[in-house]
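What follows is the content of work12.cif (mmCIF, C-alpha atoms).
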```cif
data_structure
#
loop_
_atom_site.label_atom_id
_atom_site.label_comp_id
_atom_site.auth_asym_id
_atom_site.auth_seq_id
_atom_site.Cartn_x
_atom_site.Cartn_y
_atom_site.Cartn_z
CA MET A 1 146.67 -80.92 -2.75
CA ALA A 2 147.31 -83.86 -5.08
CA ASN A 3 149.89 -83.54 -7.86
CA SER A 4 147.15 -83.73 -10.50
CA GLU A 5 145.32 -80.78 -8.93
CA ARG A 6 148.29 -78.40 -8.77
CA PRO A 7 148.63 -76.07 -11.75
CA ARG A 8 151.68 -76.41 -13.96
CA PRO A 9 154.26 -73.79 -12.89
CA GLY A 10 154.92 -70.99 -15.34
CA ILE A 11 158.15 -70.05 -13.55
CA LEU A 12 161.01 -72.38 -12.57
CA ALA A 13 163.45 -70.91 -10.05
CA GLY A 14 166.46 -71.89 -7.98
CA ILE A 15 168.32 -70.54 -4.93
CA ASP A 16 171.75 -71.53 -3.64
CA GLU A 17 174.53 -70.16 -1.45
CA ALA A 18 178.32 -70.02 -1.41
CA GLY A 19 180.74 -69.35 1.42
CA LEU A 20 178.82 -70.80 4.37
CA GLY A 21 181.94 -72.24 6.03
CA PRO A 22 184.76 -69.65 5.72
CA MET A 23 185.91 -67.34 8.53
CA LEU A 24 186.75 -64.44 6.18
CA GLY A 25 184.71 -62.84 3.42
CA PRO A 26 180.98 -62.74 2.76
CA LEU A 27 178.22 -65.27 2.59
CA THR A 28 176.71 -65.01 -0.88
CA LEU A 29 173.49 -66.32 -2.42
CA GLY A 30 172.12 -66.48 -5.94
CA LEU A 31 168.64 -66.58 -7.46
CA SER A 32 167.64 -67.45 -11.00
CA ALA A 33 164.17 -67.91 -12.48
CA PHE A 34 162.91 -68.84 -15.95
CA ARG A 35 159.51 -68.44 -17.56
CA VAL A 36 158.68 -71.63 -19.45
CA PRO A 37 155.98 -72.17 -22.08
CA GLN A 38 152.59 -73.54 -21.05
CA ASP A 39 151.30 -74.53 -24.49
CA ARG A 40 153.68 -77.42 -25.20
CA GLU A 41 155.20 -80.46 -23.53
CA HIS A 42 155.83 -79.94 -19.82
CA VAL A 43 159.32 -78.64 -18.99
CA ASP A 44 160.72 -79.00 -15.49
CA ALA A 45 163.91 -77.68 -13.92
CA SER A 46 166.02 -80.69 -14.91
CA ASP A 47 164.79 -80.56 -18.53
CA LEU A 48 166.31 -77.12 -19.11
CA TRP A 49 169.78 -78.59 -19.73
CA ARG A 50 168.38 -80.66 -22.60
CA VAL A 51 166.16 -77.91 -23.98
CA LEU A 52 168.97 -75.32 -23.98
CA GLN A 53 171.76 -77.69 -25.02
CA GLU A 54 172.70 -75.47 -27.98
CA ALA A 55 174.01 -72.91 -25.48
CA VAL A 56 174.65 -74.70 -22.18
CA ALA A 57 176.38 -77.86 -20.96
CA GLU A 58 176.29 -79.74 -17.64
CA LYS A 59 180.04 -80.50 -17.56
CA PRO A 60 183.23 -78.69 -18.56
CA SER A 61 184.53 -79.78 -21.93
CA ARG A 62 187.59 -78.21 -23.54
CA GLY A 63 186.87 -76.22 -26.69
CA GLU A 64 183.15 -76.87 -26.62
CA GLY A 65 182.20 -73.21 -26.52
CA ARG A 66 179.04 -73.60 -24.44
CA LEU A 67 178.31 -72.16 -21.01
CA VAL A 68 178.81 -74.67 -18.21
CA VAL A 69 175.83 -74.58 -15.84
CA ALA A 70 176.47 -76.91 -12.91
CA ASP A 71 177.30 -76.94 -9.23
CA SER A 72 179.85 -74.15 -8.86
CA LYS A 73 182.33 -76.67 -7.40
CA VAL A 74 182.31 -78.31 -10.83
CA VAL A 75 182.43 -75.06 -12.78
CA PHE A 76 185.09 -73.22 -10.76
CA LYS A 77 188.69 -74.04 -9.93
CA ARG A 78 191.27 -71.47 -8.84
CA ASN A 79 193.01 -71.36 -12.19
CA ALA A 80 192.52 -69.50 -15.45
CA PRO A 81 190.10 -72.00 -17.06
CA GLY A 82 188.05 -72.17 -13.86
CA TRP A 83 187.72 -68.40 -13.65
CA GLN A 84 186.80 -68.20 -17.33
CA ARG A 85 184.09 -70.86 -17.00
CA LEU A 86 182.56 -69.27 -13.91
CA GLU A 87 182.61 -65.70 -15.20
CA SER A 88 181.31 -66.67 -18.63
CA THR A 89 178.35 -68.55 -17.16
CA ALA A 90 177.42 -66.12 -14.39
CA LEU A 91 177.91 -62.89 -16.29
CA SER A 92 176.25 -64.07 -19.51
CA PHE A 93 173.00 -64.96 -17.72
CA LEU A 94 173.13 -61.81 -15.56
CA ARG A 95 173.66 -59.66 -18.66
CA LEU A 96 170.85 -61.39 -20.53
CA ALA A 97 168.45 -60.80 -17.64
CA GLN A 98 169.52 -57.17 -17.08
CA PRO A 99 170.99 -55.86 -20.35
CA GLU A 100 170.82 -52.20 -19.29
CA ALA A 101 172.54 -52.65 -15.93
CA PRO A 102 175.97 -51.06 -15.40
CA ALA A 103 178.78 -53.61 -15.76
CA GLU A 104 179.56 -54.00 -12.06
CA LEU A 105 178.76 -56.60 -9.42
CA TRP A 106 176.48 -54.32 -7.41
CA SER A 107 174.11 -53.93 -10.38
CA TYR A 108 172.94 -57.48 -9.72
CA LEU A 109 172.19 -57.29 -5.98
CA SER A 110 168.83 -58.65 -4.89
CA GLN A 111 166.03 -56.18 -4.23
CA GLY A 112 166.57 -53.96 -1.19
CA LEU A 113 170.07 -55.18 -0.36
CA PRO A 114 172.67 -52.42 0.16
CA GLN A 115 176.19 -52.43 -1.22
CA PRO A 116 178.66 -53.48 1.52
CA ASP A 117 180.71 -50.57 2.84
CA ALA A 118 183.88 -52.29 4.08
CA PRO A 119 186.78 -50.71 2.14
CA TRP A 120 187.90 -53.92 0.41
CA TYR A 121 184.60 -54.15 -1.49
CA SER A 122 185.66 -51.02 -3.40
CA LYS A 123 188.51 -53.09 -4.85
CA ILE A 124 186.21 -55.51 -6.67
CA PRO A 125 187.01 -55.29 -10.41
CA SER A 126 184.88 -52.86 -12.38
CA PRO A 127 183.77 -52.82 -15.11
CA LEU A 128 183.12 -56.51 -15.63
CA PRO A 129 184.13 -58.90 -17.07
CA HIS A 130 187.29 -59.43 -15.06
CA LYS A 131 188.93 -62.54 -16.56
CA VAL A 132 187.11 -63.00 -19.88
CA ASP A 133 187.11 -60.85 -23.01
CA GLY A 134 183.93 -58.79 -23.27
CA GLU A 135 183.37 -59.87 -26.87
CA LEU A 136 183.23 -63.49 -25.75
CA ILE A 137 180.54 -62.63 -23.20
CA ASP A 138 178.59 -60.88 -25.96
CA GLU A 139 178.82 -64.02 -28.10
CA HIS A 140 177.58 -66.20 -25.26
CA VAL A 141 174.69 -63.84 -24.55
CA SER A 142 173.68 -63.84 -28.21
CA ARG A 143 173.79 -67.64 -28.49
CA LEU A 144 171.92 -68.05 -25.21
CA ALA A 145 169.23 -65.56 -26.20
CA LYS A 146 168.66 -67.35 -29.51
CA SER A 147 168.41 -70.76 -27.85
CA MET A 148 165.97 -69.55 -25.23
CA ALA A 149 163.82 -67.70 -27.75
CA ALA A 150 163.64 -70.77 -29.98
CA HIS A 151 162.09 -72.72 -27.12
CA GLY A 152 159.87 -69.99 -25.70
CA ILE A 153 161.94 -69.62 -22.53
CA GLU A 154 162.79 -66.33 -20.81
CA ILE A 155 165.04 -65.54 -17.85
CA VAL A 156 163.03 -63.31 -15.51
CA GLU A 157 165.17 -63.22 -12.35
CA ALA A 158 168.95 -63.20 -12.03
CA CYS A 159 170.45 -61.67 -8.92
CA LEU A 160 172.73 -62.25 -5.97
CA SER A 161 173.12 -61.37 -2.30
CA VAL A 162 176.37 -60.40 -0.59
CA LEU A 163 176.35 -60.51 3.23
CA PRO A 164 179.65 -59.19 4.66
CA ALA A 165 181.14 -60.41 7.93
CA ILE A 166 179.76 -57.51 9.99
CA ASP A 167 176.20 -58.18 8.86
CA LEU A 168 176.62 -61.91 9.43
CA ASN A 169 177.94 -61.31 12.93
CA LEU A 170 175.03 -59.03 13.82
CA SER A 171 172.62 -61.64 12.52
CA PHE A 172 174.39 -64.44 14.42
CA GLU A 173 174.05 -62.34 17.57
CA ALA A 174 170.33 -61.87 16.97
CA THR A 175 169.52 -65.44 15.91
CA GLN A 176 172.16 -67.39 17.86
CA SER A 177 172.11 -69.73 14.87
CA LYS A 178 174.01 -69.95 11.60
CA SER A 179 171.15 -71.90 10.02
CA GLN A 180 168.61 -69.25 11.01
CA THR A 181 170.82 -66.54 9.53
CA VAL A 182 171.07 -68.43 6.24
CA TRP A 183 167.31 -69.01 6.26
CA ILE A 184 166.64 -65.27 6.63
CA GLN A 185 168.62 -64.59 3.47
CA THR A 186 167.02 -67.50 1.62
CA ALA A 187 163.56 -66.29 2.64
CA HIS A 188 164.39 -62.81 1.31
CA LEU A 189 165.02 -64.30 -2.14
CA LEU A 190 161.98 -66.59 -1.88
CA ALA A 191 159.80 -63.59 -1.05
CA GLN A 192 161.24 -61.60 -3.97
CA VAL A 193 160.53 -64.24 -6.60
CA PHE A 194 157.14 -65.11 -5.05
CA GLU A 195 156.01 -61.48 -5.02
CA ASN A 196 157.18 -60.94 -8.60
CA HIS A 197 155.97 -64.20 -10.14
CA GLY A 198 153.66 -66.08 -7.78
CA HIS A 199 150.67 -65.10 -9.91
CA GLU A 200 152.12 -67.16 -12.77
CA GLY A 201 152.59 -70.31 -10.69
CA LEU A 202 156.07 -70.93 -9.36
CA HIS A 203 158.33 -73.84 -8.48
CA VAL A 204 161.46 -72.93 -6.50
CA ILE A 205 164.15 -75.52 -5.83
CA VAL A 206 166.54 -74.65 -3.00
CA ASP A 207 169.71 -76.55 -2.17
CA ARG A 208 169.27 -77.92 1.32
CA GLN A 209 171.88 -76.83 3.85
CA GLY A 210 172.50 -79.04 6.84
CA ALA A 211 170.11 -81.67 8.18
CA ARG A 212 166.91 -79.63 8.46
CA LYS A 213 163.92 -81.54 7.06
CA HIS A 214 160.99 -79.44 8.33
CA TYR A 215 160.42 -76.02 6.78
CA ALA A 216 156.66 -75.55 7.20
CA PRO A 217 156.94 -73.46 10.43
CA LEU A 218 159.45 -71.14 8.76
CA LEU A 219 157.29 -70.74 5.65
CA GLU A 220 154.18 -70.10 7.77
CA ARG A 221 156.05 -67.43 9.75
CA ASP A 222 157.58 -65.67 6.76
CA PHE A 223 154.57 -65.86 4.43
CA PRO A 224 151.72 -64.72 6.70
CA GLY A 225 148.26 -64.93 5.19
CA HIS A 226 149.28 -67.86 2.99
CA ARG A 227 148.33 -71.51 3.40
CA VAL A 228 151.31 -73.84 3.69
CA GLN A 229 150.81 -77.53 2.91
CA ARG A 230 153.41 -80.24 3.47
CA LEU A 231 153.79 -82.41 0.36
CA GLN A 232 156.66 -84.59 1.54
CA GLU A 233 159.51 -84.53 4.05
CA ASN A 234 162.29 -87.11 3.95
CA ASN A 235 166.06 -87.47 4.04
CA ARG A 236 166.49 -86.29 0.44
CA ARG A 237 163.91 -83.55 -0.04
CA SER A 238 161.16 -81.53 1.61
CA ASP A 239 158.37 -80.12 -0.61
CA TYR A 240 155.68 -77.59 0.26
CA TRP A 241 152.76 -75.88 -1.42
CA VAL A 242 152.28 -72.20 -0.52
CA GLU A 243 149.14 -70.41 -1.68
CA GLY A 244 147.59 -67.05 -0.87
CA PRO A 245 147.52 -63.37 -1.85
CA SER A 246 150.89 -63.57 -3.65
CA GLY A 247 149.80 -66.50 -5.80
CA CYS A 248 150.91 -70.11 -5.56
CA MET A 249 154.36 -71.59 -5.12
CA GLU A 250 155.77 -75.06 -4.74
CA VAL A 251 159.08 -74.87 -2.90
CA SER A 252 161.43 -77.84 -2.68
CA PHE A 253 164.48 -78.15 -0.44
CA GLN A 254 166.66 -80.86 -1.99
CA VAL A 255 169.99 -82.46 -1.18
CA GLY A 256 172.28 -81.88 -4.17
CA ALA A 257 169.73 -79.66 -5.91
CA GLU A 258 172.41 -78.19 -8.20
CA ASN A 259 172.63 -81.57 -9.94
CA GLN A 260 168.88 -81.81 -10.51
CA SER A 261 167.80 -78.26 -11.33
CA LEU A 262 169.41 -75.92 -13.86
CA PRO A 263 168.03 -72.79 -12.11
CA THR A 264 169.61 -73.95 -8.82
CA ALA A 265 172.92 -74.76 -10.51
CA LEU A 266 172.90 -71.30 -12.08
CA ALA A 267 172.11 -69.72 -8.70
CA SER A 268 175.14 -71.61 -7.35
CA CYS A 269 177.28 -70.00 -10.06
CA PHE A 270 175.92 -66.52 -9.28
CA ALA A 271 176.72 -66.99 -5.59
CA LYS A 272 180.21 -68.33 -6.28
CA TYR A 273 180.98 -65.52 -8.72
CA ALA A 274 180.00 -62.93 -6.13
CA ARG A 275 182.03 -64.70 -3.45
CA GLU A 276 185.18 -65.00 -5.58
CA LEU A 277 185.01 -61.39 -6.79
CA SER A 278 184.57 -60.29 -3.18
CA MET A 279 187.63 -62.24 -2.08
CA HIS A 280 189.58 -60.80 -5.02
CA GLY A 281 188.74 -57.33 -3.69
CA PHE A 282 189.68 -58.42 -0.15
CA ASN A 283 193.10 -59.73 -1.21
CA ARG A 284 193.76 -56.74 -3.43
CA PHE A 285 192.96 -54.26 -0.64
CA PHE A 286 195.21 -55.88 1.94
CA GLY A 287 197.87 -56.88 -0.57
CA GLU A 288 198.33 -53.25 -1.62
CA GLN A 289 199.17 -52.39 1.98
CA GLN A 290 201.48 -55.30 2.75
CA GLY A 291 203.70 -56.45 -0.07
CA GLY A 292 204.09 -60.19 -0.32
CA LEU A 293 200.97 -60.98 1.71
CA LYS A 294 199.75 -64.29 0.36
CA ALA A 295 196.12 -64.24 -0.79
CA THR A 296 193.47 -66.28 0.99
CA ALA A 297 190.17 -67.85 -0.01
CA GLY A 298 189.00 -67.25 3.57
CA TYR A 299 188.44 -70.85 4.70
CA VAL A 300 189.26 -71.57 8.32
CA THR A 301 192.75 -73.11 8.19
CA ASP A 302 194.11 -70.70 5.61
CA GLY A 303 192.15 -67.83 7.13
CA ARG A 304 193.99 -68.35 10.39
CA ARG A 305 197.28 -68.42 8.51
CA TRP A 306 196.32 -65.15 6.82
CA MET A 307 195.42 -63.52 10.16
CA ILE A 308 198.89 -64.38 11.48
CA ASP A 309 200.62 -63.13 8.33
CA ALA A 310 198.64 -59.87 8.40
CA ARG A 311 198.78 -59.33 12.18
CA GLU A 312 201.02 -56.24 12.17
CA LEU A 313 199.09 -54.70 9.30
CA LEU A 314 195.76 -55.25 11.04
CA GLU A 315 197.07 -53.74 14.28
CA GLY A 316 197.85 -50.54 12.37
CA LEU A 317 194.43 -50.26 10.69
CA THR A 318 191.27 -48.84 12.21
CA LEU A 319 189.15 -51.94 11.66
CA ALA A 320 186.69 -53.55 14.03
CA GLU A 321 187.38 -57.28 14.19
CA ARG A 322 183.66 -57.94 13.71
CA SER A 323 183.89 -56.37 10.25
CA LEU A 324 186.64 -58.81 9.28
CA VAL A 325 186.21 -62.15 11.02
CA ARG A 326 183.02 -64.17 11.31
CA GLU A 327 182.00 -65.24 14.79
CA ARG A 328 180.37 -68.49 13.62
#
```
Take the structure from the file and write it as structure tokens.
Amino acid sequence: MANSERPRPGILAGIDEAGLGPMLGPLTLGLSAFRVPQDREHVDASDLWRVLQEAVAEKPSRGEGRLVVADSKVVFKRNAPGWQRLESTALSFLRLAQPEAPAELWSYLSQGLPQPDAPWYSKIPSPLPHKVDGELIDEHVSRLAKSMAAHGIEIVEACLSVLPAIDLNLSFEATQSKSQTVWIQTAHLLAQVFENHGHEGLHVIVDRQGARKHYAPLLERDFPGHRVQRLQENNRRSDYWVEGPSGCMEVSFQVGAENQSLPTALASCFAKYARELSMHGFNRFFGEQQGGLKATAGYVTDGRRWMIDARELLEGLTLAERSLVRER
């Protein structure tokens, strides 16, 4: 289908992940989606930074007072300002999308995903916010709501997925592939937003992981009864048109999508927020049982250091190693 023949999308969405490489802690994903007006100048995913500039910014800037929506590596550093930026951005959008949800991480899980049951997840801070004053979040939500309303924009999806080590290991065993495991979780979010909003016309931009260029077979498998058309496949992006009973969806897998799509950048922040809160719970759980145990972010080199430091503690706990350490 030629570009001129495809209907203008009514929904702009993004999906991204955090924590693909660590050996400890969960893999997390985020999804955000915005309804954009159809009766005025065309707005695409990169335009949303400009349209919502009263409330959001692309880069951190001291004292600016706006929410920073960008690749989570830009938004978050392991210091007080980094935590404040990340929590302000993620929680303000989550609250705006789900104002009646209880103030805890599990309120924002994607449809059908259970709360992890490993004991350290019970140590995640609740109620939220954790690092930012609640009144500041309220101010951000109010400013964001006003900016979006002024431009006829609405956030219609804001959620996250948390896949603990045990679930990842079971999936690795079944798929024999880290990339296939990540795809299964990505497809879950794609299916959710497609089912909910495909009838409005949908464009989803997903940050590409790894070197995969060809997604048509996966889309054909996971969206049976829908026609999948390749629009382009190259080193930078792979675009597809999916059409059928659920509606129509253009889905783009792009290198560095967080820098080109506000919904994808926001999804990156959701995923990172869930990952960092999960690791906070992890370190709090084990730190309460072994005084002086240095916290870990879970990446391989420091994760191995942590496993050595916590060896005697772990030997005394009834924990299956598969629930703690990733096998890929």
Expected selection from the PyMOL selection byres ((chain A and resi 106) around 12), given as a PDB file with C-alpha atoms, keeping the file's coordinate frame:
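Saved to part_8.pdb:
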```
ATOM      1  CA  LEU A  94     173.130 -61.810 -15.560  1.00  0.00           C
ATOM      2  CA  ALA A 101     172.540 -52.650 -15.930  1.00  0.00           C
ATOM      3  CA  PRO A 102     175.970 -51.060 -15.400  1.00  0.00           C
ATOM      4  CA  ALA A 103     178.780 -53.610 -15.760  1.00  0.00           C
ATOM      5  CA  GLU A 104     179.560 -54.000 -12.060  1.00  0.00           C
ATOM      6  CA  LEU A 105     178.760 -56.600  -9.420  1.00  0.00           C
ATOM      7  CA  SER A 107     174.110 -53.930 -10.380  1.00  0.00           C
ATOM      8  CA  TYR A 108     172.940 -57.480  -9.720  1.00  0.00           C
ATOM      9  CA  LEU A 109     172.190 -57.290  -5.980  1.00  0.00           C
ATOM     10  CA  SER A 110     168.830 -58.650  -4.890  1.00  0.00           C
ATOM     11  CA  GLN A 111     166.030 -56.180  -4.230  1.00  0.00           C
ATOM     12  CA  GLY A 112     166.570 -53.960  -1.190  1.00  0.00           C
ATOM     13  CA  LEU A 113     170.070 -55.180  -0.360  1.00  0.00           C
ATOM     14  CA  PRO A 114     172.670 -52.420   0.160  1.00  0.00           C
ATOM     15  CA  GLN A 115     176.190 -52.430  -1.220  1.00  0.00           C
ATOM     16  CA  PRO A 116     178.660 -53.480   1.520  1.00  0.00           C
ATOM     17  CA  ASP A 117     180.710 -50.570   2.840  1.00  0.00           C
ATOM     18  CA  TYR A 121     184.600 -54.150  -1.490  1.00  0.00           C
ATOM     19  CA  SER A 122     185.660 -51.020  -3.400  1.00  0.00           C
ATOM     20  CA  ILE A 124     186.210 -55.510  -6.670  1.00  0.00           C
ATOM     21  CA  PRO A 125     187.010 -55.290 -10.410  1.00  0.00           C
ATOM     22  CA  SER A 126     184.880 -52.860 -12.380  1.00  0.00           C
ATOM     23  CA  PRO A 127     183.770 -52.820 -15.110  1.00  0.00           C
ATOM     24  CA  LEU A 128     183.120 -56.510 -15.630  1.00  0.00           C
ATOM     25  CA  CYS A 159     170.450 -61.670  -8.920  1.00  0.00           C
ATOM     26  CA  LEU A 160     172.730 -62.250  -5.970  1.00  0.00           C
ATOM     27  CA  SER A 161     173.120 -61.370  -2.300  1.00  0.00           C
ATOM     28  CA  VAL A 162     176.370 -60.400  -0.590  1.00  0.00           C
ATOM     29  CA  ALA A 274     180.000 -62.930  -6.130  1.00  0.00           C
ATOM     30  CA  LEU A 277     185.010 -61.390  -6.790  1.00  0.00           C
ATOM     31  CA  SER A 278     184.570 -60.290  -3.180  1.00  0.00           C
TER      32      SER A 278
END
```
Quiz item: Which distance in Å separates CA of Glu200 in chain A and CA of Gly10 in chain A, to one decimal?
Solution: 5.4 Å
Exercise. Could you state which residues are captured by the PyMOL selection byres ((chain A and resi 244) around 7) in this file, as a ChimeraX atom specification?
Key: /A:225-227,242-243,245-248
Exercise. For range 202-215 of chain A, please output as a PyMOL selection string all residues within 8 Å (counting only C-alpha atoms; exclusion window: fewer than 5 positions along the same chain).
Key: chain A and resi 9-16+179+190+194+197+233-235+237-238+248-258+261+263-264
For Glu321 in chain A, work out the shell of residues within 9 Å, counting only C-alpha atoms and skipping chain neighbours fewer than 4 positions away, then give it as a compact mmCIF listing (two decimals) with C-alpha atoms, in the coordinates of the input.
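Written file, around24.txt:
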```
# COMPACT_ATOMS: atom_id res chain seq x y z
CA ILE A 166 179.76 -57.51 9.99
CA VAL A 325 186.21 -62.15 11.02
CA ARG A 326 183.02 -64.17 11.31
```
Self-check item: Nearest residue to Val68 in chain A from the set A:Val193, A:His140, A:Thr186, A:Glu135 (distances using all atoms listed in the file)
Solution: A:His140
Quiz prompt | Atomic separation - CA of Arg322 in chain A relative to CA of Asp309 in chain A, Å | solution =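 Separation between CA of Asp309 in chain A and CA of Arg322 in chain A: 18.5 Å.
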Quiz item: Of the residues A:Glu195, A:Ala18, A:Pro7, A:Val51, which is the one nearest to Val182 in chain A, using all atoms listed in the file?
Solution: A:Ala18
Practice problem: Please provide as a ChimeraX atom specification all residues within 6 Å of range 293-303 of chain A, with the sequence filter that same-chain residues fewer than 5 positions apart are discarded (counting all atoms listed in the file). | Solution: /A:22-24,283,287
Quiz prompt | Point-to-point distance from CA of Trp241 in chain A to CA of Glu154 in chain A, Å rounded to tenths | solution =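 For CA of Trp241 in chain A relative to CA of Glu154 in chain A, the distance reads 23.8 Å.
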Quiz item: For Phe282 in chain A, which residue among A:Lys123, A:Arg6, A:Arg35, A:Arg66 is the nearest when counting all atoms listed in the file?
Solution: A:Lys123
Self-check item: Which residue of A:Lys272, A:Glu87, A:Lys178, A:Arg50 approaches Gly21 in chain A most closely, using all atoms listed in the file
Solution: A:Lys178
